[in-house]
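Asker: This structure is in structure tokens; I'll ask about it shortly.
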Protein chains: 2
Amino acid sequence: MSNTENTKPIFPKGDRTSSNYFTGSAWVKNLVPGDDVLKTVIGNVVFEPGARNNWHRHGGGQILIVTDGLGYYQEKGKPAQLLRPGDVVQVPPALVHWHGAGPAQSFTHIAINPNMQDGVVEWLEPVTEKEYMEAVGG
Amino acid sequence: MSNTENTKPIFPKGDRTSSNYFTGSAWVKNLVPGDDVLKTVIGNVVFEPGARNNWHRHGGGQILIVTDGLGYYQEKGKPAQLLRPGDVVQVPPALVHWHGAGPAQSFTHIAINPNMQDGVVEWLEPVTEKEYMEAVGG
């Protein structure tokens with residue numbers, strides 16, 4: 001077992017994500033559905049190796065907290081960043097980006113969407129195989 | 001090793017918390033310091049057995065995500081709730097409450113404070129030994 005993997009997941013795997021917005025297999029466990037009091041949506045996302053979400057943006061921004069595995073985060077027009085357990089990513093509102101697993105290992109993060117009064121997510125086009133392989137150095 | 005404890009913490013332990021606001025030993029690792037873009041403060045808190053924070057409230061509310069150990073959350077005037085890894089607590093704005101470890105096991109949670117434009121935290125009086133022992137059924 002790799003030293004980036006915990007022996008026991010914190011959350012159940014949840015529901016398969018929509019293939020309209022993801023490439024490969026990923027699961028989301030809803031943790032906080034979001035209401036007009038806390039104005040925050042939180043989910044735990046598990047990506048199988050090679051899986052990633054589409055390019056997308058958040059009206060209220062997003063914070064990712066990596067809890068397991070190895071993955072990547074890429075902002076449009078910039079090099080991808082490698083992510084390990086304990087890493088935290090702050091995504092400003094409206095910034096186009098994607099996140100997902102590396103090619104050979106699964107990846108788990110908590111995704112926090114605050115300020116939902118400003119919008120939660122707008123999905124864009126898939127991350128192509130060419131874009132993905134360039135991002136992960138493959 | 002108990003089945004509520006992971007073998008490897010996700011975050012480093014961080015800094016010792018102030019004895020003005022905590023009883024017993026606890027550590028906080030700041031994950032998101034908070035700014036006027038995401039308006040969210042996030043920290044990881046580790047409580048030693050018996051440690052807890054004072055009664056307090058959050059102007060913008062709070063979300064707790066339990067990642068390790070066994071602990072308690074209590075709202076003023078209600079019975080305490082036992083918390084295990086994977087549990088999530090949504091604390092509405094202005095509600096007086098405390099959280100901390102059980103008497104015999106450490107406890108770790110991620111604490112998310114959204115809507116910081118409405119206030120982050122207001123500390124109140126310590127949870128007395130009598131209140132704590134009643135809460136944990138001791």
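Each chain in the structure tokens gets a letter, A, B and so on, in the order shown; residues start at 1 in every chain, and ligands are counted from 1 in the order they appear.
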Please produce, as a tab-separated table, a per-residue contact table for chain A versus chain B (criterion: any atom at most 9 Å away, only C-alpha atoms considered), showing the nearest atom pair and its distance in Å to one decimal, sorted by chain then residue number.
Answerer:
residue	atom	partner	partner_atom	distance
A:Asn6	CA	B:Lys8	CA	6.9
A:Thr7	CA	B:Asn6	CA	7.2
A:Lys8	CA	B:Asn6	CA	6.8
A:Pro9	CA	B:Gly86	CA	8.8
A:Ile10	CA	B:Gly86	CA	5.1
A:Phe11	CA	B:Gly86	CA	5.2
A:Pro12	CA	B:Gly86	CA	8.2
A:Leu31	CA	B:Val88	CA	6.8
A:Val32	CA	B:Val88	CA	7.8
A:Val37	CA	B:Pro92	CA	6.9
A:Leu38	CA	B:Gly61	CA	6.2
A:Lys39	CA	B:Asn115	CA	7.8
A:Thr40	CA	B:Pro114	CA	7.2
A:Gly60	CA	B:Leu38	CA	7.1
A:Gly61	CA	B:Leu38	CA	6.2
A:Gln62	CA	B:Leu38	CA	7.5
A:Ile63	CA	B:Leu38	CA	8.4
A:Ile65	CA	B:Leu31	CA	8.7
A:Val66	CA	B:Ile10	CA	8.4
A:Thr67	CA	B:Ile10	CA	6.2
A:Asp68	CA	B:Ile10	CA	8.1
A:Pro85	CA	B:Ile10	CA	5.9
A:Gly86	CA	B:Phe11	CA	5.1
A:Asp87	CA	B:Phe11	CA	8.5
A:Val88	CA	B:Leu31	CA	6.8
A:Val89	CA	B:Val32	CA	8.9
A:Gln90	CA	B:Val32	CA	7.9
A:Val91	CA	B:Leu38	CA	8.4
A:Pro92	CA	B:Val37	CA	6.9
A:Pro93	CA	B:Val37	CA	7.7
A:Pro114	CA	B:Pro114	CA	6.4
A:Asn115	CA	B:Asn115	CA	7.1
Asker: Keeping only N, CA and C atoms, write those residues as a tab-separated table (two decimals), in the first residue's frame.
Answerer:
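Okay, this is what ended up in out.tsv:
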chain	number	residue	atom	x	y	z
A	6	ASN	N	-4.86	5.98	3.08
A	6	ASN	CA	-5.29	5.56	4.39
A	6	ASN	C	-5.87	4.15	4.31
A	7	THR	N	-5.86	3.45	5.44
A	7	THR	CA	-6.39	2.10	5.44
A	7	THR	C	-7.92	2.09	5.46
A	8	LYS	N	-8.50	3.17	5.96
A	8	LYS	CA	-9.95	3.18	6.13
A	8	LYS	C	-10.49	4.53	5.66
A	9	PRO	N	-11.39	4.52	4.65
A	9	PRO	CA	-11.96	5.80	4.22
A	9	PRO	C	-12.79	6.44	5.33
A	10	ILE	N	-12.83	7.77	5.37
A	10	ILE	CA	-13.62	8.49	6.38
A	10	ILE	C	-15.11	8.43	6.03
A	11	PHE	N	-15.42	8.48	4.73
A	11	PHE	CA	-16.82	8.52	4.29
A	11	PHE	C	-17.14	7.33	3.39
A	12	PRO	N	-18.42	6.92	3.35
A	12	PRO	CA	-18.81	5.94	2.33
A	12	PRO	C	-18.63	6.53	0.94
A	31	LEU	N	-22.23	15.71	1.82
A	31	LEU	CA	-22.05	15.90	3.27
A	31	LEU	C	-22.91	17.04	3.80
A	32	VAL	N	-23.00	18.13	3.05
A	32	VAL	CA	-23.86	19.26	3.40
A	32	VAL	C	-24.58	19.68	2.13
A	37	VAL	N	-29.08	29.25	5.20
A	37	VAL	CA	-28.51	29.64	6.49
A	37	VAL	C	-26.98	29.60	6.42
A	38	LEU	N	-26.41	28.43	6.10
A	38	LEU	CA	-24.95	28.31	6.03
A	38	LEU	C	-24.41	28.62	4.64
A	39	LYS	N	-25.27	28.57	3.63
A	39	LYS	CA	-24.92	28.97	2.25
A	39	LYS	C	-23.68	28.24	1.74
A	40	THR	N	-23.57	26.96	2.12
A	40	THR	CA	-22.37	26.18	1.80
A	40	THR	C	-22.77	24.76	1.40
A	60	GLY	N	-19.30	31.10	-6.32
A	60	GLY	CA	-18.91	31.48	-4.97
A	60	GLY	C	-17.52	31.00	-4.59
A	61	GLY	N	-16.78	30.41	-5.55
A	61	GLY	CA	-15.47	29.85	-5.25
A	61	GLY	C	-15.57	28.46	-4.67
A	62	GLN	N	-14.40	27.84	-4.41
A	62	GLN	CA	-14.37	26.47	-3.89
A	62	GLN	C	-13.08	26.25	-3.11
A	63	ILE	N	-13.16	25.36	-2.11
A	63	ILE	CA	-11.97	24.93	-1.38
A	63	ILE	C	-11.91	23.41	-1.45
A	65	ILE	N	-9.98	19.98	-0.01
A	65	ILE	CA	-9.12	19.43	1.04
A	65	ILE	C	-8.83	17.98	0.68
A	66	VAL	N	-7.57	17.69	0.38
A	66	VAL	CA	-7.19	16.35	-0.08
A	66	VAL	C	-7.01	15.43	1.12
A	67	THR	N	-7.68	14.27	1.09
A	67	THR	CA	-7.61	13.35	2.23
A	67	THR	C	-6.95	12.02	1.88
A	68	ASP	N	-6.82	11.68	0.60
A	68	ASP	CA	-6.29	10.37	0.25
A	68	ASP	C	-5.84	10.33	-1.20
A	85	PRO	N	-2.38	14.04	0.20
A	85	PRO	CA	-3.18	14.21	1.42
A	85	PRO	C	-2.67	15.37	2.29
A	86	GLY	N	-3.61	16.19	2.78
A	86	GLY	CA	-3.26	17.35	3.58
A	86	GLY	C	-3.19	18.64	2.77
A	87	ASP	N	-3.08	18.51	1.43
A	87	ASP	CA	-3.05	19.73	0.60
A	87	ASP	C	-4.42	20.38	0.55
A	88	VAL	N	-4.42	21.70	0.49
A	88	VAL	CA	-5.65	22.49	0.42
A	88	VAL	C	-5.54	23.44	-0.77
A	89	VAL	N	-6.58	23.50	-1.58
A	89	VAL	CA	-6.60	24.38	-2.75
A	89	VAL	C	-7.74	25.38	-2.59
A	90	GLN	N	-7.43	26.67	-2.75
A	90	GLN	CA	-8.46	27.71	-2.73
A	90	GLN	C	-8.71	28.15	-4.16
A	91	VAL	N	-9.91	27.95	-4.66
A	91	VAL	CA	-10.27	28.28	-6.04
A	91	VAL	C	-11.14	29.54	-6.02
A	92	PRO	N	-10.64	30.65	-6.57
A	92	PRO	CA	-11.43	31.88	-6.55
A	92	PRO	C	-12.68	31.76	-7.43
A	93	PRO	N	-13.69	32.57	-7.14
A	93	PRO	CA	-14.90	32.59	-7.98
A	93	PRO	C	-14.55	32.80	-9.45
A	114	PRO	N	-18.55	27.47	-0.68
A	114	PRO	CA	-19.19	28.50	0.15
A	114	PRO	C	-19.89	29.53	-0.74
A	115	ASN	N	-20.53	30.48	-0.12
A	115	ASN	CA	-21.13	31.62	-0.85
A	115	ASN	C	-22.07	31.15	-1.95
Asker: Please identify all polymer residues within 9 Å of Leu124 (chain A), counting only C-alpha atoms, omitting same-chain residues fewer than 6 positions from it, and present them as a PyMOL selection string.
Answerer: chain A and resi 21+54-57+96
Asker: Could you please take those selected residues and save C-alpha atoms as a short mmCIF file (atom, residue, chain, number, x, y, z; two decimals), in the first residue's frame?
Answerer:
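Printed below is selection-v4.cif as written:
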data_model
loop_
_atom_site.label_atom_id
_atom_site.label_comp_id
_atom_site.auth_asym_id
_atom_site.auth_seq_id
_atom_site.Cartn_x
_atom_site.Cartn_y
_atom_site.Cartn_z
CA TYR A 21 -19.50 16.22 -16.16
CA ASN A 54 -14.85 18.62 -16.74
CA TRP A 55 -13.48 22.11 -16.88
CA HIS A 56 -15.81 24.16 -14.65
CA ARG A 57 -16.15 27.25 -12.47
CA VAL A 96 -11.97 27.86 -14.89
#
Asker: Would you kindly return, as a VMD selection string, each protein, DNA or RNA residue with an atom no farther than 12 Å from any atom of Glu131 (chain B), considering only C-alpha atoms and excluding same-chain residues fewer than 6 positions away?
Answerer: chain B and resid 52 54 to 55 74 to 80 98 125 137 to 138
Asker: Please return the superposed copy of chain B as a PDB file with C-alpha atoms, in the first residue's frame; the fit should be least squares onto chain A across all sequentially paired Cα atoms.
Answerer:
ATOM      1  CA  MET B   1       0.038   0.021  -0.082  1.00  0.00           C
ATOM      2  CA  SER B   2       1.290   3.472  -0.958  1.00  0.00           C
ATOM      3  CA  ASN B   3       2.010   5.923   1.836  1.00  0.00           C
ATOM      4  CA  THR B   4      -0.560   8.303   0.351  1.00  0.00           C
ATOM      5  CA  GLU B   5      -3.451   5.940   1.081  1.00  0.00           C
ATOM      6  CA  ASN B   6      -5.256   5.573   4.375  1.00  0.00           C
ATOM      7  CA  THR B   7      -6.380   2.122   5.433  1.00  0.00           C
ATOM      8  CA  LYS B   8      -9.953   3.177   6.082  1.00  0.00           C
ATOM      9  CA  PRO B   9     -11.962   5.821   4.200  1.00  0.00           C
ATOM     10  CA  ILE B  10     -13.621   8.497   6.362  1.00  0.00           C
ATOM     11  CA  PHE B  11     -16.822   8.533   4.290  1.00  0.00           C
ATOM     12  CA  PRO B  12     -18.806   5.937   2.322  1.00  0.00           C
ATOM     13  CA  LYS B  13     -18.164   6.126  -1.425  1.00  0.00           C
ATOM     14  CA  GLY B  14     -21.564   7.644  -2.255  1.00  0.00           C
ATOM     15  CA  ASP B  15     -23.168   7.910  -5.678  1.00  0.00           C
ATOM     16  CA  ARG B  16     -21.624   7.570  -9.114  1.00  0.00           C
ATOM     17  CA  THR B  17     -21.108  11.011 -10.676  1.00  0.00           C
ATOM     18  CA  SER B  18     -22.729  11.969 -13.985  1.00  0.00           C
ATOM     19  CA  SER B  19     -20.775  11.094 -17.115  1.00  0.00           C
ATOM     20  CA  ASN B  20     -21.965  14.453 -18.466  1.00  0.00           C
ATOM     21  CA  TYR B  21     -19.510  16.215 -16.157  1.00  0.00           C
ATOM     22  CA  PHE B  22     -16.850  13.588 -15.436  1.00  0.00           C
ATOM     23  CA  THR B  23     -14.470  11.421 -17.491  1.00  0.00           C
ATOM     24  CA  GLY B  24     -13.908   7.994 -15.947  1.00  0.00           C
ATOM     25  CA  SER B  25     -15.378   6.710 -12.695  1.00  0.00           C
ATOM     26  CA  ALA B  26     -15.939   8.976  -9.713  1.00  0.00           C
ATOM     27  CA  TRP B  27     -18.273   8.937  -6.713  1.00  0.00           C
ATOM     28  CA  VAL B  28     -19.686  11.755  -4.609  1.00  0.00           C
ATOM     29  CA  LYS B  29     -20.985  11.541  -1.055  1.00  0.00           C
ATOM     30  CA  ASN B  30     -23.045  14.600  -0.194  1.00  0.00           C
ATOM     31  CA  LEU B  31     -22.054  15.907   3.265  1.00  0.00           C
ATOM     32  CA  VAL B  32     -23.862  19.270   3.419  1.00  0.00           C
ATOM     33  CA  PRO B  33     -26.649  19.778   0.831  1.00  0.00           C
ATOM     34  CA  GLY B  34     -26.680  23.568   1.226  1.00  0.00           C
ATOM     35  CA  ASP B  35     -29.344  25.925   2.542  1.00  0.00           C
ATOM     36  CA  ASP B  36     -29.870  29.659   2.916  1.00  0.00           C
ATOM     37  CA  VAL B  37     -28.531  29.638   6.493  1.00  0.00           C
ATOM     38  CA  LEU B  38     -24.963  28.310   6.027  1.00  0.00           C
ATOM     39  CA  LYS B  39     -24.925  28.979   2.248  1.00  0.00           C
ATOM     40  CA  THR B  40     -22.372  26.185   1.814  1.00  0.00           C
ATOM     41  CA  VAL B  41     -22.440  22.911  -0.157  1.00  0.00           C
ATOM     42  CA  ILE B  42     -19.961  20.162   0.804  1.00  0.00           C
ATOM     43  CA  GLY B  43     -19.288  16.790  -0.801  1.00  0.00           C
ATOM     44  CA  ASN B  44     -16.636  14.098  -0.621  1.00  0.00           C
ATOM     45  CA  VAL B  45     -15.405  12.983  -4.040  1.00  0.00           C
ATOM     46  CA  VAL B  46     -13.530   9.750  -4.855  1.00  0.00           C
ATOM     47  CA  PHE B  47     -11.875   9.502  -8.292  1.00  0.00           C
ATOM     48  CA  GLU B  48     -10.597   6.228  -9.743  1.00  0.00           C
ATOM     49  CA  PRO B  49      -7.184   6.377 -11.473  1.00  0.00           C
ATOM     50  CA  GLY B  50      -7.471   8.555 -14.591  1.00  0.00           C
ATOM     51  CA  ALA B  51     -10.873   9.995 -13.620  1.00  0.00           C
ATOM     52  CA  ARG B  52     -11.395  13.770 -13.588  1.00  0.00           C
ATOM     53  CA  ASN B  53     -14.181  16.296 -13.777  1.00  0.00           C
ATOM     54  CA  ASN B  54     -14.844  18.608 -16.744  1.00  0.00           C
ATOM     55  CA  TRP B  55     -13.475  22.106 -16.881  1.00  0.00           C
ATOM     56  CA  HIS B  56     -15.803  24.156 -14.656  1.00  0.00           C
ATOM     57  CA  ARG B  57     -16.147  27.249 -12.459  1.00  0.00           C
ATOM     58  CA  HIS B  58     -17.841  28.209  -9.201  1.00  0.00           C
ATOM     59  CA  GLY B  59     -19.714  31.484  -8.681  1.00  0.00           C
ATOM     60  CA  GLY B  60     -18.899  31.480  -4.956  1.00  0.00           C
ATOM     61  CA  GLY B  61     -15.460  29.851  -5.252  1.00  0.00           C
ATOM     62  CA  GLN B  62     -14.382  26.473  -3.873  1.00  0.00           C
ATOM     63  CA  ILE B  63     -11.975  24.925  -1.377  1.00  0.00           C
ATOM     64  CA  LEU B  64     -10.551  21.412  -1.895  1.00  0.00           C
ATOM     65  CA  ILE B  65      -9.126  19.429   1.040  1.00  0.00           C
ATOM     66  CA  VAL B  66      -7.193  16.339  -0.082  1.00  0.00           C
ATOM     67  CA  THR B  67      -7.606  13.346   2.225  1.00  0.00           C
ATOM     68  CA  ASP B  68      -6.294  10.367   0.256  1.00  0.00           C
ATOM     69  CA  GLY B  69      -4.411   9.280  -2.844  1.00  0.00           C
ATOM     70  CA  LEU B  70      -2.704  11.379  -5.511  1.00  0.00           C
ATOM     71  CA  GLY B  71      -4.382  13.844  -7.849  1.00  0.00           C
ATOM     72  CA  TYR B  72      -4.115  17.002  -9.880  1.00  0.00           C
ATOM     73  CA  TYR B  73      -5.649  20.477  -9.964  1.00  0.00           C
ATOM     74  CA  GLN B  74      -5.270  22.656 -13.031  1.00  0.00           C
ATOM     75  CA  GLU B  75      -6.303  26.242 -13.705  1.00  0.00           C
ATOM     76  CA  LYS B  76      -6.945  27.100 -17.371  1.00  0.00           C
ATOM     77  CA  GLY B  77      -3.712  28.178 -19.048  1.00  0.00           C
ATOM     78  CA  LYS B  78      -1.429  27.099 -16.172  1.00  0.00           C
ATOM     79  CA  PRO B  79       0.535  23.915 -15.383  1.00  0.00           C
ATOM     80  CA  ALA B  80      -1.325  21.325 -13.287  1.00  0.00           C
ATOM     81  CA  GLN B  81      -0.486  21.008  -9.577  1.00  0.00           C
ATOM     82  CA  LEU B  82       0.148  17.621  -7.980  1.00  0.00           C
ATOM     83  CA  LEU B  83      -1.958  17.110  -4.842  1.00  0.00           C
ATOM     84  CA  ARG B  84      -1.315  14.850  -1.856  1.00  0.00           C
ATOM     85  CA  PRO B  85      -3.197  14.203   1.413  1.00  0.00           C
ATOM     86  CA  GLY B  86      -3.264  17.328   3.574  1.00  0.00           C
ATOM     87  CA  ASP B  87      -3.049  19.716   0.605  1.00  0.00           C
ATOM     88  CA  VAL B  88      -5.651  22.486   0.430  1.00  0.00           C
ATOM     89  CA  VAL B  89      -6.604  24.384  -2.746  1.00  0.00           C
ATOM     90  CA  GLN B  90      -8.463  27.696  -2.725  1.00  0.00           C
ATOM     91  CA  VAL B  91     -10.275  28.275  -6.023  1.00  0.00           C
ATOM     92  CA  PRO B  92     -11.427  31.887  -6.551  1.00  0.00           C
ATOM     93  CA  PRO B  93     -14.890  32.583  -7.978  1.00  0.00           C
ATOM     94  CA  ALA B  94     -15.216  32.302 -11.792  1.00  0.00           C
ATOM     95  CA  LEU B  95     -11.787  30.692 -12.313  1.00  0.00           C
ATOM     96  CA  VAL B  96     -11.968  27.849 -14.872  1.00  0.00           C
ATOM     97  CA  HIS B  97     -10.285  24.665 -13.592  1.00  0.00           C
ATOM     98  CA  TRP B  98     -10.516  20.878 -13.241  1.00  0.00           C
ATOM     99  CA  HIS B  99      -9.421  18.286 -10.665  1.00  0.00           C
ATOM    100  CA  GLY B 100      -9.041  14.539 -10.646  1.00  0.00           C
ATOM    101  CA  ALA B 101      -6.885  11.502  -9.995  1.00  0.00           C
ATOM    102  CA  GLY B 102      -3.450  10.789 -11.384  1.00  0.00           C
ATOM    103  CA  PRO B 103      -3.212   8.048 -14.025  1.00  0.00           C
ATOM    104  CA  ALA B 104      -2.113   5.289 -11.637  1.00  0.00           C
ATOM    105  CA  GLN B 105      -3.741   6.041  -8.283  1.00  0.00           C
ATOM    106  CA  SER B 106      -7.130   6.947  -6.879  1.00  0.00           C
ATOM    107  CA  PHE B 107      -7.750  10.353  -5.324  1.00  0.00           C
ATOM    108  CA  THR B 108     -10.123  11.622  -2.631  1.00  0.00           C
ATOM    109  CA  HIS B 109     -10.934  15.189  -1.637  1.00  0.00           C
ATOM    110  CA  ILE B 110     -13.563  17.095   0.297  1.00  0.00           C
ATOM    111  CA  ALA B 111     -15.032  19.842  -1.919  1.00  0.00           C
ATOM    112  CA  ILE B 112     -16.406  22.906  -0.102  1.00  0.00           C
ATOM    113  CA  ASN B 113     -18.521  25.437  -2.002  1.00  0.00           C
ATOM    114  CA  PRO B 114     -19.198  28.504   0.148  1.00  0.00           C
ATOM    115  CA  ASN B 115     -21.145  31.621  -0.851  1.00  0.00           C
ATOM    116  CA  MET B 116     -23.736  29.592  -2.755  1.00  0.00           C
ATOM    117  CA  GLN B 117     -25.835  32.756  -3.116  1.00  0.00           C
ATOM    118  CA  ASP B 118     -23.244  33.655  -5.790  1.00  0.00           C
ATOM    119  CA  GLY B 119     -23.623  30.336  -7.640  1.00  0.00           C
ATOM    120  CA  VAL B 120     -22.393  26.785  -7.035  1.00  0.00           C
ATOM    121  CA  VAL B 121     -21.039  25.288 -10.267  1.00  0.00           C
ATOM    122  CA  GLU B 122     -21.110  25.844 -14.020  1.00  0.00           C
ATOM    123  CA  TRP B 123     -19.909  22.851 -16.041  1.00  0.00           C
ATOM    124  CA  LEU B 124     -17.910  23.348 -19.237  1.00  0.00           C
ATOM    125  CA  GLU B 125     -16.253  20.986 -21.740  1.00  0.00           C
ATOM    126  CA  PRO B 126     -14.486  17.709 -20.798  1.00  0.00           C
ATOM    127  CA  VAL B 127     -10.726  17.616 -20.161  1.00  0.00           C
ATOM    128  CA  THR B 128      -9.504  15.829 -23.286  1.00  0.00           C
ATOM    129  CA  GLU B 129      -7.105  12.885 -23.176  1.00  0.00           C
ATOM    130  CA  LYS B 130      -4.424  15.172 -24.679  1.00  0.00           C
ATOM    131  CA  GLU B 131      -4.991  17.870 -22.032  1.00  0.00           C
ATOM    132  CA  TYR B 132      -4.982  15.256 -19.277  1.00  0.00           C
ATOM    133  CA  MET B 133      -1.792  13.549 -20.431  1.00  0.00           C
ATOM    134  CA  GLU B 134      -0.019  16.899 -20.761  1.00  0.00           C
ATOM    135  CA  ALA B 135      -1.195  17.871 -17.267  1.00  0.00           C
ATOM    136  CA  VAL B 136       0.063  14.708 -15.603  1.00  0.00           C
ATOM    137  CA  GLY B 137       3.291  14.575 -17.581  1.00  0.00           C
ATOM    138  CA  GLY B 138       2.285  11.373 -19.411  1.00  0.00           C
TER     139      GLY B 138
END
Asker: Identify, with DSSP run on backbone atoms, the residues in region 1-137 of chain A assigned to alpha helix (DSSP H), and express the list as a list in words.
Answerer: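 Assigned to alpha helix (DSSP H), within region 1-137 of chain A: Glu129, Lys130, Glu131, Tyr132, Met133, Glu134 and Ala135 of chain A.
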Asker: Write out as number ranges by chain the set of residues from region 86-115 of chain A that DSSP, computed on the backbone, places in strand (DSSP E).
Answerer: A: 88-91, 97-101, 107-113
Asker: For the residues in that selection, give me C-alpha atoms as a short mmCIF file (atom, residue, chain, number, x, y, z; two decimals), in the first residue's frame.
Answerer:
data_model
loop_
_atom_site.label_atom_id
_atom_site.label_comp_id
_atom_site.auth_asym_id
_atom_site.auth_seq_id
_atom_site.Cartn_x
_atom_site.Cartn_y
_atom_site.Cartn_z
CA VAL A 88 -5.65 22.49 0.42
CA VAL A 89 -6.60 24.38 -2.75
CA GLN A 90 -8.46 27.71 -2.73
CA VAL A 91 -10.27 28.28 -6.04
CA HIS A 97 -10.29 24.66 -13.59
CA TRP A 98 -10.52 20.87 -13.23
CA HIS A 99 -9.42 18.29 -10.67
CA GLY A 100 -9.04 14.54 -10.63
CA ALA A 101 -6.88 11.50 -10.01
CA PHE A 107 -7.74 10.36 -5.32
CA THR A 108 -10.12 11.62 -2.63
CA HIS A 109 -10.93 15.18 -1.63
CA ILE A 110 -13.56 17.09 0.30
CA ALA A 111 -15.03 19.84 -1.93
CA ILE A 112 -16.40 22.90 -0.11
CA ASN A 113 -18.52 25.43 -2.01
#
